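As structure tokens, the structure follows; a few thoughts come after it.
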Amino acid sequence: MTALTCRLWWASPDDASPALLDLLDAGERERRERFRAPADRDRYLVAHALARLALAREAGCAPEQVTFTLHCRACRRRPDPRPEPHGKPRPAGPAAGLEISISHSGDRVLLALAHGTPVGADVEKVAPDRDTEGLVDYCLRPRERRDLDRVPAPQRAEGFFGYWARKEALLKATGDGISGGLATVGVSGPFDPAAVVEWDSPAAPEDVRLTDLDAGPGYRAAVAALCPGPLDTRICDTADLLGTRRTVG
């Protein structure tokens, strides 16, 4: 069975520059300005500029020609869907048919891109001092909680955020996002090879692949794709991609 190639770009909020601002459309610039912290604005800028540059390269068009439509699958099942556009960005225009997923946390910005197959990516900064007890019931199934309780205390926070990254990647792939319910998805133990064990949803996909990513010390990350075959992840050159815009800017 042919493997699906998923290209990945890692970046940092430190990659933000004024030259990238022109890549954002009016709606994106407005959403960026809603963030109070400069670091949050930089993460948003880098992520969305990187997405437009990567899509333009894959589609063979100018970045300014890449547009997006926003889709929230969960809203289709609700009697009172949110009126404003939101949800997973789906490339349109010359980049139609490509699929992306964006995530950022701490000093990490992650972009995943595939051809014709929905993907979801998530990166989480491990916060050992954060009280996760209130999140455990929201995120974990009983079996997962028992597995996490068996993890040595110093590694437990990393295990929890590993669960979270896997589950959010899966729900981003489907387009549900975390509103789809992190606890509806059951995955393998936090330090075992990533796998989907169970999924309690009538809309659960038949074919899905999940793999952990190396995001460096202090982070957990994962990528998921709605495909039946193997998932081949390839790390791409972020500096080269962002450098094309800085040259133009």
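Residues are named by chain letter and number: chains run A, B, ... in the order of the structure tokens, numbers start at 1 in each chain, and ligands are numbered from 1 in the order shown.
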
What's around Thr69 (chain A) at 8 Å? Count only C-alpha atoms, leave out sequence neighbours fewer than 3 positions away in its own chain, and write the answer as a list of chain:residue names.
A:Pro89, A:Arg90, A:Pro91, A:Ala92

For the selection you just gave me, I'd like the residues written to a file as a PDB file, in the first residue's frame, keeping C-alpha atoms.
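Below is the file again36.pdb, written as the result:
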```
ATOM      1  CA  PRO A  89      -8.564  26.113   7.382  1.00  0.00           C
ATOM      2  CA  ARG A  90      -8.989  24.432   4.012  1.00  0.00           C
ATOM      3  CA  PRO A  91      -6.861  25.744   1.132  1.00  0.00           C
ATOM      4  CA  ALA A  92      -8.762  27.224  -1.791  1.00  0.00           C
TER       5      ALA A  92
END
```

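Residues in contact range of Cys61 (chain A), defined as at most 10 Å between only C-alpha atoms, with sequence neighbours fewer than 6 positions away removed, read Leu53, Leu55, Gly93, Pro94 and Ala95 of chain A.
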
So that I can see what lies close to Pro118 (chain A), please list as a PyMOL selection string the residues with an atom at most 6 Å from it, counting only C-alpha atoms and leaving out residues fewer than 5 positions away in the same chain.
chain A and resi 99+173+225-226

Would you please give, as a PyMOL selection string, all residues of region 4-117 of chain A that DSSP assigns to helix (DSSP H, G or I) based on the backbone?
chain A and resi 13-15+18-21+26-34+38-59+63-65+73-76+93-95

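Comparing A:Ala3, A:Ala222, A:Ala62, A:Ala203 by their smallest distance to Thr117 (chain A), the closest is A:Ala3 (using only C-alpha atoms).
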
Would you write out, as a Markdown table, a table of all residues in region 52-127 of chain A that have an atom no more than 7 Å from an atom of region 13-34 of chain A, listing for each the closest atom pair and the distance in Å to one decimal, considering only C-alpha atoms and ordering rows by chain and rising residue number?
```
| residue | atom | partner | partner_atom | distance |
| --- | --- | --- | --- | --- |
| A:Pro63 | CA | A:Leu23 | CA | 6.9 |
| A:Glu64 | CA | A:Leu23 | CA | 6.6 |
| A:Asp107 | CA | A:Pro13 | CA | 6.3 |
```

Selected residues written out with C-alpha atoms, as a compact mmCIF listing (two decimals), in the first residue's frame:
```
# COMPACT_ATOMS: atom_id res chain seq x y z
CA PRO A 63 1.50 33.27 -1.88
CA GLU A 64 -1.02 36.07 -2.37
CA ASP A 107 8.74 28.16 21.25
```

Give the answer as one residue: which of A:Met1, A:Ala127, A:Leu242, A:Leu210 has the shortest atom-to-atom distance to Ala169 (chain A), using only C-alpha atoms?
A:Leu210

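When only C-alpha atoms are used to compute distances to Ala204 (chain A), the closest of the residues A:His104, A:His115, A:Arg166, A:Arg73 turns out to be A:Arg73.
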
A straight line from CA of Leu70 (chain A) to CA of Ala194 (chain A) spans 28.3 Å

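In this structure, CA of Ala165 (chain A) sits 11.9 Å away from CA of Val185 (chain A).
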
Counting only C-alpha atoms, what are the residues of region 193-246 of chain A within 12 Å of region 38-46 of chain A, and for each of them which pair of atoms is the nearest and at what distance in Å, to one decimal? Sort the table by chain and rising number, as a Markdown table.
```
| residue | atom | partner | partner_atom | distance |
| --- | --- | --- | --- | --- |
| A:Thr238 | CA | A:Val46 | CA | 10.6 |
| A:Ala239 | CA | A:Val46 | CA | 11.7 |
| A:Leu241 | CA | A:Val46 | CA | 11.5 |
| A:Leu242 | CA | A:Val46 | CA | 9.0 |
| A:Arg245 | CA | A:Val46 | CA | 11.7 |
```

Take the residues just selected and output them with N, CA, C and O atoms as an mmCIF file, in the first residue's frame.
```cif
data_model
loop_
_atom_site.group_PDB
_atom_site.id
_atom_site.type_symbol
_atom_site.label_atom_id
_atom_site.label_comp_id
_atom_site.auth_asym_id
_atom_site.auth_seq_id
_atom_site.Cartn_x
_atom_site.Cartn_y
_atom_site.Cartn_z
ATOM 1 N N THR A 238 12.599 25.027 6.895
ATOM 2 C CA THR A 238 11.816 26.228 7.205
ATOM 3 C C THR A 238 12.576 27.493 6.844
ATOM 4 O O THR A 238 11.988 28.450 6.315
ATOM 5 N N ALA A 239 13.870 27.533 7.124
ATOM 6 C CA ALA A 239 14.659 28.733 6.846
ATOM 7 C C ALA A 239 14.631 29.068 5.355
ATOM 8 O O ALA A 239 14.522 30.243 4.968
ATOM 9 N N LEU A 241 12.223 28.324 3.242
ATOM 10 C CA LEU A 241 10.889 28.791 2.877
ATOM 11 C C LEU A 241 10.651 30.226 3.347
ATOM 12 O O LEU A 241 10.200 31.079 2.580
ATOM 13 N N LEU A 242 10.946 30.515 4.584
ATOM 14 C CA LEU A 242 10.752 31.869 5.095
ATOM 15 C C LEU A 242 11.715 32.845 4.435
ATOM 16 O O LEU A 242 11.387 34.020 4.239
ATOM 17 N N ARG A 245 10.538 34.818 1.390
ATOM 18 C CA ARG A 245 9.720 36.015 1.623
ATOM 19 C C ARG A 245 10.575 37.169 2.125
ATOM 20 O O ARG A 245 10.334 38.313 1.781
#
```

Write out as a PDB file with N, CA and C atoms, in the first residue's frame each polymer residue whose atoms come within 9 Å of Gly186 (chain A), counting only C-alpha atoms; drop sequence neighbours fewer than 2 positions from it.
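As a result, selection34.pdb now contains:
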```pdb
ATOM      1  N   LEU A 140      -8.906  12.254  29.332  1.00  0.00           N
ATOM      2  CA  LEU A 140      -8.512  10.842  29.332  1.00  0.00           C
ATOM      3  C   LEU A 140      -9.681   9.897  29.584  1.00  0.00           C
ATOM      4  N   ARG A 141      -9.580   8.730  28.998  1.00  0.00           N
ATOM      5  CA  ARG A 141     -10.487   7.639  29.285  1.00  0.00           C
ATOM      6  C   ARG A 141      -9.966   6.885  30.512  1.00  0.00           C
ATOM      7  N   ARG A 143      -9.013   3.842  31.091  1.00  0.00           N
ATOM      8  CA  ARG A 143      -7.818   3.026  30.847  1.00  0.00           C
ATOM      9  C   ARG A 143      -6.584   3.912  30.718  1.00  0.00           C
ATOM     10  N   GLU A 144      -6.725   5.028  30.039  1.00  0.00           N
ATOM     11  CA  GLU A 144      -5.589   5.926  29.858  1.00  0.00           C
ATOM     12  C   GLU A 144      -5.143   6.524  31.191  1.00  0.00           C
ATOM     13  N   LYS A 167      -4.417  13.197  20.770  1.00  0.00           N
ATOM     14  CA  LYS A 167      -5.866  13.307  20.610  1.00  0.00           C
ATOM     15  C   LYS A 167      -6.258  14.552  19.817  1.00  0.00           C
ATOM     16  N   LEU A 182     -12.058  15.238  23.554  1.00  0.00           N
ATOM     17  CA  LEU A 182     -10.797  14.497  23.645  1.00  0.00           C
ATOM     18  C   LEU A 182     -10.997  13.104  24.233  1.00  0.00           C
ATOM     19  N   ALA A 183     -11.930  12.974  25.160  1.00  0.00           N
ATOM     20  CA  ALA A 183     -12.133  11.684  25.819  1.00  0.00           C
ATOM     21  C   ALA A 183     -12.898  10.695  24.951  1.00  0.00           C
ATOM     22  N   THR A 184     -13.417  11.128  23.801  1.00  0.00           N
ATOM     23  CA  THR A 184     -14.070  10.172  22.904  1.00  0.00           C
ATOM     24  C   THR A 184     -13.048   9.293  22.188  1.00  0.00           C
ATOM     25  N   SER A 188      -2.957   4.719  22.541  1.00  0.00           N
ATOM     26  CA  SER A 188      -2.036   3.846  23.265  1.00  0.00           C
ATOM     27  C   SER A 188      -1.356   4.592  24.407  1.00  0.00           C
ATOM     28  N   ALA A 195      -0.883   4.972  18.626  1.00  0.00           N
ATOM     29  CA  ALA A 195      -1.892   4.199  17.912  1.00  0.00           C
ATOM     30  C   ALA A 195      -3.265   4.577  18.434  1.00  0.00           C
ATOM     31  N   VAL A 196      -4.259   4.489  17.561  1.00  0.00           N
ATOM     32  CA  VAL A 196      -5.648   4.698  17.969  1.00  0.00           C
ATOM     33  C   VAL A 196      -6.197   3.366  18.453  1.00  0.00           C
ATOM     34  N   VAL A 197      -6.715   3.352  19.669  1.00  0.00           N
ATOM     35  CA  VAL A 197      -7.223   2.125  20.273  1.00  0.00           C
ATOM     36  C   VAL A 197      -8.740   2.048  20.161  1.00  0.00           C
ATOM     37  N   GLU A 198      -9.404   3.178  20.362  1.00  0.00           N
ATOM     38  CA  GLU A 198     -10.877   3.210  20.290  1.00  0.00           C
ATOM     39  C   GLU A 198     -11.318   4.636  20.013  1.00  0.00           C
ATOM     40  N   TRP A 199     -12.558   4.730  19.478  1.00  0.00           N
ATOM     41  CA  TRP A 199     -13.077   6.062  19.137  1.00  0.00           C
ATOM     42  C   TRP A 199     -14.593   6.007  19.244  1.00  0.00           C
ATOM     43  N   ASP A 200     -15.143   6.594  20.301  1.00  0.00           N
ATOM     44  CA  ASP A 200     -16.583   6.541  20.550  1.00  0.00           C
ATOM     45  C   ASP A 200     -17.290   7.721  19.898  1.00  0.00           C
TER      46      ASP A 200
END
```

What's the 9 Å shell around Pro193 (chain A), counting only C-alpha atoms, without same-chain residues fewer than 3 positions away, as a list in words?
Ser188, Gly189, Pro190, Thr211 and Asp212 of chain A

Pull N, CA and C atoms from the residues just selected and write them as an mmCIF file, in the first residue's frame.
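Saved result, result00.cif, follows:
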```
data_model
loop_
_atom_site.group_PDB
_atom_site.id
_atom_site.type_symbol
_atom_site.label_atom_id
_atom_site.label_comp_id
_atom_site.auth_asym_id
_atom_site.auth_seq_id
_atom_site.Cartn_x
_atom_site.Cartn_y
_atom_site.Cartn_z
ATOM 1 N N SER A 188 -2.957 4.719 22.541
ATOM 2 C CA SER A 188 -2.036 3.846 23.265
ATOM 3 C C SER A 188 -1.356 4.592 24.407
ATOM 4 N N GLY A 189 -0.672 3.836 25.280
ATOM 5 C CA GLY A 189 -0.009 4.413 26.436
ATOM 6 C C GLY A 189 0.914 5.552 26.058
ATOM 7 N N PRO A 190 1.126 6.513 26.963
ATOM 8 C CA PRO A 190 1.812 7.756 26.604
ATOM 9 C C PRO A 190 3.239 7.597 26.120
ATOM 10 N N THR A 211 1.055 9.228 14.485
ATOM 11 C CA THR A 211 2.450 9.029 14.874
ATOM 12 C C THR A 211 2.926 10.199 15.732
ATOM 13 N N ASP A 212 3.799 9.886 16.676
ATOM 14 C CA ASP A 212 4.421 10.932 17.483
ATOM 15 C C ASP A 212 5.502 11.626 16.670
#
```

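With only C-alpha atoms as the atoms that count, the minimum distance from Arg156 (chain A) to the choices A:Leu171, A:Val126, A:Ile178, A:Leu50 is reached by A:Val126.
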
Could you work out how far CA of Leu98 (chain A) lies from CA of Gly60 (chain A), giving the answer in Å with one decimal?
12.1 Å

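Distances to Ala51 (chain A) were evaluated for A:Phe161, A:Trp9, A:Tyr219, A:Phe35 using only C-alpha atoms, and the minimum falls at A:Trp9.
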